[in-house]
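Have a look at entry-v6.csv below; it lists CSV, C-alpha atoms.
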chain,number,residue,atom,x,y,z
U,96,MET,CA,0.0,0.0,0.0
U,97,PHE,CA,1.1,3.6,-0.4
U,98,HIS,CA,-0.1,7.0,0.9
U,99,THR,CA,-1.2,10.0,-1.1
U,100,PRO,CA,-2.5,13.4,-0.1
U,101,HIS,CA,-6.0,12.1,-1.1
U,102,GLY,CA,-5.9,8.8,0.7
U,103,LEU,CA,-4.4,5.4,1.0
U,104,VAL,CA,-4.1,3.0,-1.9
U,105,GLU,CA,-4.1,-0.7,-1.1
U,106,THR,CA,-2.2,-2.7,-3.6
U,107,PRO,CA,-2.4,-4.5,-6.0
U,108,ALA,CA,-5.0,-2.1,-7.4
U,109,PHE,CA,-6.5,-1.3,-10.8
U,110,MET,CA,-7.0,2.3,-11.9
U,111,PRO,CA,-9.9,3.0,-14.4
U,112,VAL,CA,-8.8,5.4,-17.1
U,113,GLY,CA,-10.4,8.9,-17.0
U,114,THR,CA,-8.4,10.2,-20.0
U,115,GLN,CA,-10.4,13.5,-20.2
U,116,ALA,CA,-11.2,13.8,-16.5
U,117,THR,CA,-14.0,11.3,-16.9
U,118,VAL,CA,-14.2,7.5,-16.9
U,119,LYS,CA,-16.4,7.1,-19.9
U,120,ALA,CA,-20.1,6.5,-18.9
U,121,LEU,CA,-19.4,6.4,-15.2
U,122,ASP,CA,-19.5,9.0,-12.4
U,123,PRO,CA,-17.5,9.2,-9.2
U,124,GLY,CA,-20.2,7.5,-7.2
U,125,ASP,CA,-20.3,4.6,-9.6
U,126,LEU,CA,-16.5,4.2,-9.3
U,127,ARG,CA,-16.5,4.3,-5.5
U,128,ALA,CA,-19.3,1.7,-5.4
U,129,ALA,CA,-17.2,-0.5,-7.7
U,130,GLY,CA,-14.3,-0.4,-5.3
U,131,THR,CA,-12.1,2.0,-7.2
U,132,GLN,CA,-9.3,3.6,-5.1
U,133,MET,CA,-7.4,5.6,-7.7
U,134,LEU,CA,-8.0,7.0,-11.1
U,135,LEU,CA,-5.8,7.9,-14.1
U,136,ALA,CA,-6.1,11.0,-16.2
U,137,ASN,CA,-4.1,12.1,-19.2
U,138,ALA,CA,-2.0,15.3,-19.2
U,139,TYR,CA,-1.7,15.4,-23.0
U,140,HIS,CA,-5.5,15.4,-23.6
U,141,LEU,CA,-6.3,17.7,-20.7
U,142,HIS,CA,-3.7,20.2,-21.9
U,143,LEU,CA,-5.5,20.3,-25.3
U,144,ARG,CA,-9.0,20.5,-23.8
U,145,PRO,CA,-10.0,22.3,-21.7
U,146,GLY,CA,-6.4,23.4,-20.9
U,147,ASP,CA,-4.4,22.6,-17.8
U,148,ASP,CA,-4.4,26.3,-16.9
U,149,VAL,CA,-8.2,26.2,-16.9
U,150,ILE,CA,-8.2,23.2,-14.6
U,151,ARG,CA,-5.7,24.9,-12.3
U,152,ASP,CA,-7.8,28.0,-12.0
U,153,LEU,CA,-10.9,26.0,-11.2
U,154,GLY,CA,-9.1,24.4,-8.2
U,155,GLY,CA,-7.3,21.5,-9.7
U,156,LEU,CA,-8.2,18.1,-11.2
U,157,HIS,CA,-9.8,16.6,-8.1
U,158,ARG,CA,-12.3,19.5,-7.8
U,159,PHE,CA,-12.8,19.7,-11.5
U,160,MET,CA,-13.9,16.1,-12.0
U,161,GLY,CA,-15.5,15.7,-8.6
U,162,TRP,CA,-13.3,12.9,-7.4
U,163,ASP,CA,-11.8,13.2,-3.9
U,164,GLY,CA,-9.6,10.1,-4.1
U,165,PRO,CA,-6.0,9.7,-5.4
U,166,ILE,CA,-5.3,10.6,-9.1
U,167,LEU,CA,-2.3,9.7,-11.3
U,168,THR,CA,-1.7,11.7,-14.5
U,169,ASP,CA,0.1,10.1,-17.5
U,170,SER,CA,2.6,12.5,-19.2
U,171,GLY,CA,1.8,12.1,-22.9
U,172,GLY,CA,4.5,9.5,-23.3
U,173,PHE,CA,2.0,7.0,-24.6
U,174,GLN,CA,0.8,9.5,-27.2
U,175,VAL,CA,4.4,9.5,-28.6
U,176,PHE,CA,3.5,5.9,-29.5
U,177,SER,CA,-0.2,6.1,-30.3
U,178,LEU,CA,-0.1,9.4,-32.3
U,179,GLU,CA,3.0,8.6,-34.3
U,180,THR,CA,1.5,10.1,-37.5
U,181,LEU,CA,0.8,13.4,-35.7
U,182,ARG,CA,4.2,14.0,-34.0
U,183,THR,CA,7.9,14.4,-34.5
U,184,ILE,CA,10.4,13.7,-31.8
U,185,ASP,CA,13.9,14.9,-31.1
U,186,GLU,CA,16.3,15.0,-28.1
U,187,ASP,CA,14.7,18.1,-26.6
U,188,GLY,CA,11.1,16.9,-26.8
U,189,VAL,CA,8.1,16.1,-29.0
U,190,ASP,CA,6.1,18.3,-31.5
U,191,PHE,CA,2.5,17.2,-31.7
U,192,ARG,CA,-0.2,18.3,-34.1
U,193,SER,CA,-3.4,18.4,-32.1
U,194,HIS,CA,-5.9,15.7,-33.2
U,195,ILE,CA,-8.6,18.2,-32.3
U,196,ASP,CA,-7.8,21.3,-34.3
U,197,GLY,CA,-4.4,20.7,-35.9
U,198,SER,CA,-2.6,23.3,-33.7
U,199,ALA,CA,1.1,22.7,-33.0
U,200,ARG,CA,2.0,21.8,-29.4
U,201,ARG,CA,5.5,21.3,-28.0
U,202,PHE,CA,6.0,18.8,-25.2
U,203,THR,CA,9.3,18.7,-23.3
U,204,PRO,CA,10.1,17.2,-19.9
U,205,GLU,CA,9.9,20.7,-18.5
U,206,THR,CA,6.6,21.7,-20.0
U,207,VAL,CA,5.1,18.4,-19.1
U,208,MET,CA,6.0,18.9,-15.4
U,209,ARG,CA,4.4,22.3,-15.6
U,210,ILE,CA,1.2,20.8,-17.1
U,211,GLU,CA,1.1,18.1,-14.5
U,212,ARG,CA,1.7,20.6,-11.7
U,213,ASN,CA,-1.3,22.6,-13.0
U,214,LEU,CA,-3.5,19.6,-13.0
U,215,GLY,CA,-2.5,18.8,-9.4
U,216,ALA,CA,-2.6,14.9,-9.4
U,217,ASP,CA,-1.1,13.0,-6.5
U,218,VAL,CA,1.2,11.0,-8.7
U,219,ILE,CA,2.7,12.4,-11.9
U,220,MET,CA,4.7,10.6,-14.6
U,221,GLN,CA,7.8,11.7,-16.4
U,222,LEU,CA,7.7,12.3,-20.2
U,223,ASP,CA,9.1,9.1,-21.7
U,224,HIS,CA,9.8,7.8,-25.2
U,225,VAL,CA,7.6,4.7,-26.1
U,226,VAL,CA,8.4,2.6,-29.1
U,227,PRO,CA,6.3,-0.3,-30.6
U,228,GLY,CA,6.9,-3.8,-29.6
U,229,GLY,CA,9.2,-5.6,-31.9
U,230,SER,CA,11.3,-2.5,-32.7
U,231,PRO,CA,15.0,-3.1,-33.5
U,232,LEU,CA,17.2,-3.3,-30.4
U,233,GLU,CA,19.0,-0.1,-31.1
U,234,VAL,CA,15.7,1.8,-31.5
U,235,VAL,CA,14.6,0.4,-28.1
U,236,ARG,CA,18.0,1.3,-26.5
U,237,HIS,CA,17.8,4.8,-27.8
U,238,ALA,CA,14.3,5.3,-26.5
U,239,SER,CA,15.2,3.9,-23.1
U,240,GLU,CA,18.3,6.0,-22.7
U,241,ARG,CA,16.4,9.1,-23.9
U,242,SER,CA,13.7,8.5,-21.3
U,243,ILE,CA,16.4,8.4,-18.6
U,244,ARG,CA,17.8,11.7,-19.8
U,245,TRP,CA,14.3,13.2,-19.8
U,246,LEU,CA,13.8,11.9,-16.3
U,247,ALA,CA,16.8,13.9,-15.1
U,248,ARG,CA,15.3,17.0,-16.7
U,249,CYS,CA,11.9,16.4,-15.0
U,250,GLN,CA,13.7,16.1,-11.7
U,251,GLU,CA,15.4,19.4,-12.2
U,252,GLU,CA,12.2,21.2,-13.3
U,253,LEU,CA,10.4,20.0,-10.1
U,254,LYS,CA,13.3,21.2,-8.0
U,255,ARG,CA,13.1,24.6,-9.5
U,256,HIS,CA,9.5,24.9,-8.2
U,257,SER,CA,9.9,23.0,-4.9
U,258,ALA,CA,9.9,26.3,-2.9
U,259,ASP,CA,6.3,27.0,-4.0
U,260,ASP,CA,4.4,25.8,-0.9
U,261,SER,CA,1.1,26.8,-2.5
U,262,SER,CA,1.2,23.9,-4.9
U,263,PRO,CA,-0.2,20.5,-3.9
U,264,ARG,CA,2.3,17.8,-2.9
U,265,GLN,CA,3.0,15.5,-5.8
U,266,THR,CA,5.1,12.4,-6.3
U,267,LEU,CA,7.0,11.8,-9.5
U,268,PHE,CA,7.3,8.3,-10.8
U,269,PRO,CA,10.0,7.5,-13.3
U,270,VAL,CA,9.2,5.3,-16.3
U,271,LEU,CA,11.4,2.3,-17.1
U,272,GLN,CA,11.7,1.5,-20.8
U,273,GLY,CA,13.7,-1.2,-22.6
U,274,GLY,CA,11.2,-3.2,-24.6
U,275,THR,CA,11.6,-7.0,-24.1
U,276,SER,CA,15.4,-6.7,-23.7
U,277,GLU,CA,16.5,-8.2,-20.4
U,278,GLU,CA,19.8,-6.2,-20.6
U,279,LEU,CA,18.0,-2.9,-21.2
U,280,ARG,CA,15.4,-3.5,-18.6
U,281,ARG,CA,18.0,-4.4,-16.0
U,282,GLY,CA,20.2,-1.4,-16.9
U,283,ALA,CA,17.3,1.1,-16.9
U,284,ALA,CA,16.2,-0.2,-13.4
U,285,GLU,CA,19.6,0.1,-12.0
U,286,THR,CA,20.3,3.6,-13.5
U,287,VAL,CA,16.9,5.1,-12.5
U,288,THR,CA,17.1,3.6,-8.9
U,289,ASP,CA,20.5,5.4,-8.5
U,290,MET,CA,19.0,8.7,-9.6
U,291,GLY,CA,16.6,9.2,-6.7
U,292,ASP,CA,14.6,7.9,-3.8
U,293,TRP,CA,11.5,7.1,-5.7
U,294,ALA,CA,8.2,6.2,-4.1
U,295,GLY,CA,7.3,4.1,-7.1
U,296,TYR,CA,8.3,3.2,-10.6
U,297,GLY,CA,6.4,3.1,-13.8
U,298,ILE,CA,7.0,0.1,-16.1
U,299,GLY,CA,6.4,1.3,-19.6
U,300,GLY,CA,6.9,0.1,-23.2
U,301,LEU,CA,5.0,-3.2,-22.6
U,302,SER,CA,1.7,-4.4,-24.0
U,303,VAL,CA,2.5,-2.5,-27.2
U,304,GLY,CA,2.5,-5.4,-29.6
U,305,GLU,CA,5.0,-7.8,-28.2
U,306,PRO,CA,4.1,-11.5,-27.4
U,307,LYS,CA,2.8,-12.0,-23.9
U,308,PRO,CA,5.5,-14.4,-22.9
U,309,ALA,CA,8.1,-11.7,-23.8
U,310,MET,CA,6.2,-9.2,-21.6
U,311,TYR,CA,6.2,-11.6,-18.7
U,312,ALA,CA,9.9,-12.2,-19.1
U,313,ALA,CA,10.6,-8.5,-19.1
U,314,LEU,CA,8.5,-8.1,-15.9
U,315,ALA,CA,10.5,-10.9,-14.2
U,316,VAL,CA,13.8,-9.1,-14.9
U,317,THR,CA,12.3,-5.8,-13.7
U,318,ASP,CA,10.9,-7.4,-10.5
U,319,ALA,CA,14.4,-8.6,-9.6
U,320,SER,CA,16.0,-5.2,-10.3
U,321,LEU,CA,13.7,-2.9,-8.3
U,322,PRO,CA,13.4,-2.2,-4.6
U,323,ARG,CA,10.9,-4.5,-3.0
U,324,ASP,CA,9.4,-1.8,-0.8
U,325,ARG,CA,8.4,0.6,-3.6
U,326,VAL,CA,5.3,0.7,-5.9
U,327,ARG,CA,5.6,-0.9,-9.3
U,328,TYR,CA,3.1,0.4,-11.8
U,329,LEU,CA,2.6,-1.5,-15.1
U,330,MET,CA,1.3,1.0,-17.6
U,331,GLY,CA,-1.6,0.2,-19.9
U,332,VAL,CA,-2.3,-3.4,-18.9
U,333,GLY,CA,-5.8,-4.5,-17.9
U,334,PHE,CA,-6.9,-8.0,-18.9
U,335,PRO,CA,-7.5,-10.4,-16.0
U,336,GLU,CA,-5.0,-13.0,-17.0
U,337,ASP,CA,-2.3,-10.3,-17.4
U,338,LEU,CA,-3.1,-8.6,-14.1
U,339,LEU,CA,-2.7,-11.8,-12.1
U,340,GLU,CA,0.5,-12.9,-13.9
U,341,ALA,CA,2.0,-9.4,-13.4
U,342,ILE,CA,1.0,-9.5,-9.7
U,343,ARG,CA,2.9,-12.8,-9.4
U,344,LEU,CA,5.9,-10.9,-10.9
U,345,GLY,CA,5.8,-8.1,-8.4
U,346,VAL,CA,3.5,-5.5,-9.9
U,347,ASP,CA,1.3,-3.3,-7.7
U,348,LEU,CA,-0.6,-0.9,-9.8
U,349,PHE,CA,-2.3,-1.1,-13.2
U,350,ASP,CA,-4.4,1.0,-15.6
U,351,CYS,CA,-6.1,0.3,-18.9
U,352,VAL,CA,-9.0,1.5,-21.1
U,353,ALA,CA,-10.0,-2.1,-21.7
U,354,PRO,CA,-12.9,-2.5,-19.2
U,355,THR,CA,-14.8,0.6,-20.3
U,356,ARG,CA,-13.9,0.3,-24.0
U,357,MET,CA,-15.0,-3.3,-24.1
U,358,GLY,CA,-18.1,-2.5,-22.0
U,359,ARG,CA,-19.1,0.2,-24.5
U,360,ASN,CA,-18.7,-2.3,-27.3
U,361,GLY,CA,-20.7,-5.1,-25.7
U,362,THR,CA,-18.1,-7.4,-24.3
U,363,ALA,CA,-18.1,-8.4,-20.6
U,364,PHE,CA,-15.5,-9.9,-18.4
U,365,THR,CA,-17.0,-12.8,-16.5
U,366,SER,CA,-15.8,-15.6,-14.3
U,367,SER,CA,-16.4,-18.0,-17.3
U,368,GLY,CA,-14.4,-15.8,-19.7
U,369,ARG,CA,-15.3,-12.9,-22.0
U,370,LEU,CA,-18.9,-12.7,-23.3
U,371,ASN,CA,-20.3,-10.8,-26.2
U,372,VAL,CA,-23.7,-9.7,-24.9
U,373,ARG,CA,-25.2,-9.3,-28.3
U,374,ARG,CA,-25.2,-13.0,-28.9
U,375,ALA,CA,-28.5,-14.3,-30.2
U,376,GLU,CA,-28.8,-17.1,-27.6
U,377,LEU,CA,-29.0,-14.5,-24.8
U,378,ARG,CA,-32.3,-13.1,-26.2
U,379,SER,CA,-34.4,-15.1,-23.7
U,380,ASP,CA,-31.7,-15.8,-21.0
U,381,GLY,CA,-33.1,-14.8,-17.6
U,382,GLU,CA,-29.9,-15.5,-15.7
U,383,PRO,CA,-27.6,-12.8,-14.4
U,384,LEU,CA,-24.6,-11.9,-16.5
U,385,ASP,CA,-22.3,-13.5,-13.9
U,386,THR,CA,-23.7,-15.3,-10.9
U,387,SER,CA,-20.5,-14.7,-8.9
U,388,CYS,CA,-20.6,-10.9,-9.4
U,389,ASP,CA,-22.4,-8.5,-7.0
U,390,CYS,CA,-22.4,-5.4,-9.3
U,391,PRO,CA,-25.6,-3.5,-10.1
U,392,LEU,CA,-25.9,-5.2,-13.5
U,393,CYS,CA,-25.6,-8.7,-12.2
U,394,THR,CA,-27.8,-8.2,-9.1
U,395,GLN,CA,-30.7,-6.5,-10.8
U,396,PHE,CA,-30.8,-7.4,-14.5
U,397,SER,CA,-30.7,-10.5,-16.7
U,398,ARG,CA,-28.6,-11.4,-19.7
U,399,ALA,CA,-31.6,-10.9,-21.9
U,400,TYR,CA,-32.1,-7.4,-20.6
U,401,ILE,CA,-28.5,-6.3,-21.2
U,402,ARG,CA,-28.6,-7.8,-24.7
U,403,HIS,CA,-31.8,-5.9,-25.4
U,404,LEU,CA,-30.2,-2.6,-24.3
U,405,PHE,CA,-27.4,-3.1,-26.8
U,406,VAL,CA,-29.6,-4.3,-29.6
U,407,ALA,CA,-31.9,-1.4,-29.1
U,408,ASP,CA,-29.0,1.0,-28.9
U,409,GLU,CA,-30.0,2.2,-25.4
U,410,MET,CA,-27.3,4.2,-23.6
U,411,LEU,CA,-27.9,2.3,-20.3
U,412,GLY,CA,-26.4,-0.8,-21.9
U,413,PRO,CA,-22.8,0.6,-22.3
U,414,ARG,CA,-23.0,2.3,-18.9
U,415,LEU,CA,-24.0,-0.9,-17.0
U,416,LEU,CA,-21.5,-3.1,-18.8
U,417,SER,CA,-18.7,-0.6,-18.3
U,418,LEU,CA,-19.5,-0.5,-14.6
U,419,HIS,CA,-19.6,-4.3,-14.5
U,420,ASN,CA,-16.2,-4.6,-16.1
U,421,VAL,CA,-14.6,-2.1,-13.8
U,422,HIS,CA,-16.2,-3.8,-10.8
U,423,PHE,CA,-15.0,-7.2,-12.1
U,424,LEU,CA,-11.4,-6.0,-12.2
U,425,THR,CA,-11.4,-4.2,-8.9
U,426,SER,CA,-13.0,-7.3,-7.2
U,427,LEU,CA,-10.4,-9.6,-8.8
U,428,LEU,CA,-7.6,-7.5,-7.4
U,429,ARG,CA,-9.3,-7.2,-4.0
U,430,ARG,CA,-9.3,-11.0,-3.9
U,431,ALA,CA,-5.6,-11.0,-5.0
U,432,ARG,CA,-4.8,-8.6,-2.1
U,433,ASP,CA,-6.7,-10.9,0.4
U,434,ALA,CA,-4.8,-13.9,-0.9
U,435,ILE,CA,-1.4,-12.1,-0.5
U,436,VAL,CA,-2.2,-11.1,3.0
U,437,ALA,CA,-3.3,-14.7,3.8
U,438,ALA,CA,-0.3,-16.1,2.1
U,439,MET,CA,-2.6,-18.1,-0.2
U,440,PRO,CA,-2.4,-18.7,-3.9
U,441,LEU,CA,-3.8,-15.9,-6.1
U,442,PRO,CA,-7.2,-16.4,-7.7
U,443,GLU,CA,-7.4,-18.2,-11.0
U,444,ALA,CA,-7.8,-16.0,-14.1
U,445,PRO,CA,-11.0,-16.6,-16.1
U,446,PRO,CA,-10.7,-18.3,-19.5
U,447,ILE,CA,-9.6,-16.0,-22.3
Would you put the structure from the file into structure tokens?
Amino acid sequence: MFHTPHGLVETPAFMPVGTQATVKALDPGDLRAAGTQMLLANAYHLHLRPGDDVIRDLGGLHRFMGWDGPILTDSGGFQVFSLETLRTIDEDGVDFRSHIDGSARRFTPETVMRIERNLGADVIMQLDHVVPGGSPLEVVRHASERSIRWLARCQEELKRHSADDSSPRQTLFPVLQGGTSEELRRGAAETVTDMGDWAGYGIGGLSVGEPKPAMYAALAVTDASLPRDRVRYLMGVGFPEDLLEAIRLGVDLFDCVAPTRMGRNGTAFTSSGRLNVRRAELRSDGEPLDTSCDCPLCTQFSRAYIRHLFVADEMLGPRLLSLHNVHFLTSLLRRARDAIVAAMPLPEAPPI
């Protein structure tokens, strides 16, 4: 577990993604009821709209989105990967072309720290360089080493503003890159650990197209190379089988858009595996979606009803299914926490 200015986070824990200061289709009350402890928001997107300065002037991200628990903000590093056609990168930083209006935006380690300070999240991430899985080793090495150099600049930028007592207390997490290279992963962990007394570490550059066995092997190396008493945050991973395997490999914190994206598109996580709720055989199925789940969807409605909502294009369907999927993952990780405390085996992952 770890402490933040907005509360304690018991780990392992899953963070639903509120990219634009909202977890799609769900309000803060829904998230609390589902067992959510901490949320993620995205500095890149909030800088574009409504503007990090607007959020600062309105009292910060917690007040802006009505969430009084811990928040982590990503730095825009993932957009270096996902918006490859809209950006150019050099040693100093990244030039983006806004996907909203085409305006030019310059992101550097220093500007990202200022954006994240304006947003006021409890945990902030450094700007890092993410490359696709399967990239040539030298490309991966260059991105990893650049991320370390950018981390040093993030540190310096925060030090320059450390005397400003009016700003909220924030914790910077470095991001370890290195693809699936054991050498690069081990080297990045050792170098970054020597750079500061970090409360936690982000593990980036995984779940970006590489085979899952390679991701697990990289996590095993990282686990052996990081301090045991600090938070390990695996960025962008959120499928049940991956969460449990990563927990076995020492990971504490996760985020992913998968539960809400899949929920909006009609796919549910269940204890029997993933289920497309539009399937014709559910048309007259009066059973709950998942008999082992106690979320509002599973305790109040039938499979037939949730199928009807999606077939009829009713907005309640994506909302209920998104809530179910978030609840499913937070419940799974709560069971994992209980198993760890009791020194018992972790729960089994549902079939894929």
Find the residues with any atom within 12 Å of (2.8, 8.7, -32.8); use all atoms listed in the file and the coordinates as given in the file, and write the answer as a list in words.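 Protein, DNA and RNA residues close to (2.8, 8.7, -32.8): Gly171, Gly172, Phe173, Gln174, Val175, Phe176, Ser177, Leu178, Glu179, Thr180, Leu181, Arg182, Thr183, Ile184, Val189, Asp190, Phe191, Arg192, Ser193, His194, His224, Val225, Val226 and Pro227 of chain U.
In this structure, atom CA of Met160 of chain U sits 18.9 Å away from atom CA of Cys351 of chain U.
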Spatial neighbours of Met310 of chain U, max dist 8 Å, only C-alpha atoms, sep filter under 6 positions, as number ranges by chain: U: 275, 301-302
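With distances restricted to only C-alpha atoms, U:Val332 is the closest residue to Gly304 of chain U from U:Met220, U:Ala375, U:Val332, U:Leu279.
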Excluding segment 380-383 of chain U and its own-chain neighbours fewer than 3 positions away, which residues fall within 7 Å of it when counting only C-alpha atoms? Please give them as a VMD selection string. chain U and resid 377 386 393 396 to 399
If we count only C-alpha atoms, what is near segment 123-125 of chain U at a cut-off of 8 Å, once residues fewer than 2 positions away on the same chain are taken out, given as a list in words? Leu121, Arg127, Ala128, Ala129, Gly161, Trp162 and Leu418 of chain U
Find the residue from U:Ala238, U:Ala312, U:Ala120, U:Leu134 that sits nearest to Leu415 of chain U; use only C-alpha atoms when measuring. U:Ala120
Under the rule that all atoms listed in the file are counted, which of U:Phe334, U:Phe109, U:Tyr139, U:Tyr400 is the nearest residue to Ile447 of chain U?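 That would be U:Phe334, the residue with the smallest distance to Ile447 of chain U.
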Taking (-0.4, 18.6, -12.5) in the coordinates of the supplied file, I want to know which residues reach to within 12 Å of it, counting only C-alpha atoms; could you give the answer as a PyMOL selection string? chain U and resi 136-139+141-142+146-152+154-157+166-170+206-221+253+262-267
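Every protein, DNA or RNA residue with an atom at most 8 Å from segment 357-359 of chain U, where only C-alpha atoms count and chain neighbours fewer than 5 positions away do not, is listed here: Gly412, Pro413, Arg414, Leu415, Leu416, Ser417, Leu418, His419 and Asn420 of chain U.
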Separation of atom CA of Ala315 of chain U from atom CA of Thr131 of chain U in Å: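 These atoms are spaced 26.9 Å apart.
Taking atom CA of Thr117 of chain U and atom CA of Leu338 of chain U as the two end points, the separation is 22.9 Å.
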Show which residues sit within 9 Å of segment 422-436 of chain U, as a VMD selection string. Count only C-alpha atoms, and ignore same-chain residues fewer than 4 positions away. chain U and resid 105 to 110 126 128 to 132 333 to 335 338 to 339 342 354 364 to 366 388 to 390 417 to 418 440 to 442 444
Got a moment to write segment 221-240 of chain U out with N, CA and C atoms, as a compact mmCIF listing (two decimals), in the first residue's frame?
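Produced file part.txt, reproduced below:
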# COMPACT_ATOMS: atom_id res chain seq x y z
N GLN U 221 6.81 11.02 -15.55
CA GLN U 221 7.76 11.72 -16.41
C GLN U 221 7.36 11.59 -17.88
N LEU U 222 7.82 12.50 -18.72
CA LEU U 222 7.72 12.31 -20.16
C LEU U 222 8.71 11.23 -20.56
N ASP U 223 8.24 10.24 -21.32
CA ASP U 223 9.10 9.14 -21.74
C ASP U 223 8.90 8.87 -23.23
N HIS U 224 9.78 8.09 -23.79
CA HIS U 224 9.75 7.77 -25.21
C HIS U 224 9.35 6.30 -25.37
N VAL U 225 8.15 6.07 -25.87
CA VAL U 225 7.61 4.72 -26.06
C VAL U 225 7.75 4.33 -27.52
N VAL U 226 8.25 3.12 -27.77
CA VAL U 226 8.35 2.61 -29.14
C VAL U 226 7.56 1.31 -29.25
N PRO U 227 7.12 0.94 -30.46
CA PRO U 227 6.30 -0.26 -30.62
C PRO U 227 7.04 -1.53 -30.25
N GLY U 228 6.29 -2.54 -29.79
CA GLY U 228 6.87 -3.84 -29.56
C GLY U 228 7.45 -4.41 -30.85
N GLY U 229 8.58 -5.09 -30.74
CA GLY U 229 9.23 -5.63 -31.92
C GLY U 229 10.14 -4.66 -32.63
N SER U 230 10.32 -3.46 -32.08
CA SER U 230 11.25 -2.50 -32.69
C SER U 230 12.68 -3.03 -32.62
N PRO U 231 13.55 -2.62 -33.55
CA PRO U 231 14.96 -3.05 -33.49
C PRO U 231 15.59 -2.67 -32.15
N LEU U 232 16.54 -3.49 -31.71
CA LEU U 232 17.15 -3.31 -30.40
C LEU U 232 17.74 -1.92 -30.23
N GLU U 233 18.40 -1.39 -31.27
CA GLU U 233 19.02 -0.07 -31.13
C GLU U 233 17.98 1.03 -30.99
N VAL U 234 16.82 0.85 -31.63
CA VAL U 234 15.74 1.82 -31.46
C VAL U 234 15.23 1.79 -30.03
N VAL U 235 15.07 0.58 -29.49
CA VAL U 235 14.60 0.42 -28.11
C VAL U 235 15.62 1.00 -27.14
N ARG U 236 16.90 0.74 -27.39
CA ARG U 236 17.97 1.26 -26.52
C ARG U 236 17.97 2.79 -26.53
N HIS U 237 17.84 3.36 -27.71
CA HIS U 237 17.85 4.82 -27.83
C HIS U 237 16.67 5.43 -27.06
N ALA U 238 15.49 4.83 -27.18
CA ALA U 238 14.31 5.34 -26.48
C ALA U 238 14.46 5.21 -24.97
N SER U 239 15.02 4.09 -24.53
CA SER U 239 15.21 3.89 -23.09
C SER U 239 16.20 4.90 -22.52
N GLU U 240 17.32 5.08 -23.20
CA GLU U 240 18.33 6.03 -22.72
C GLU U 240 17.81 7.47 -22.78
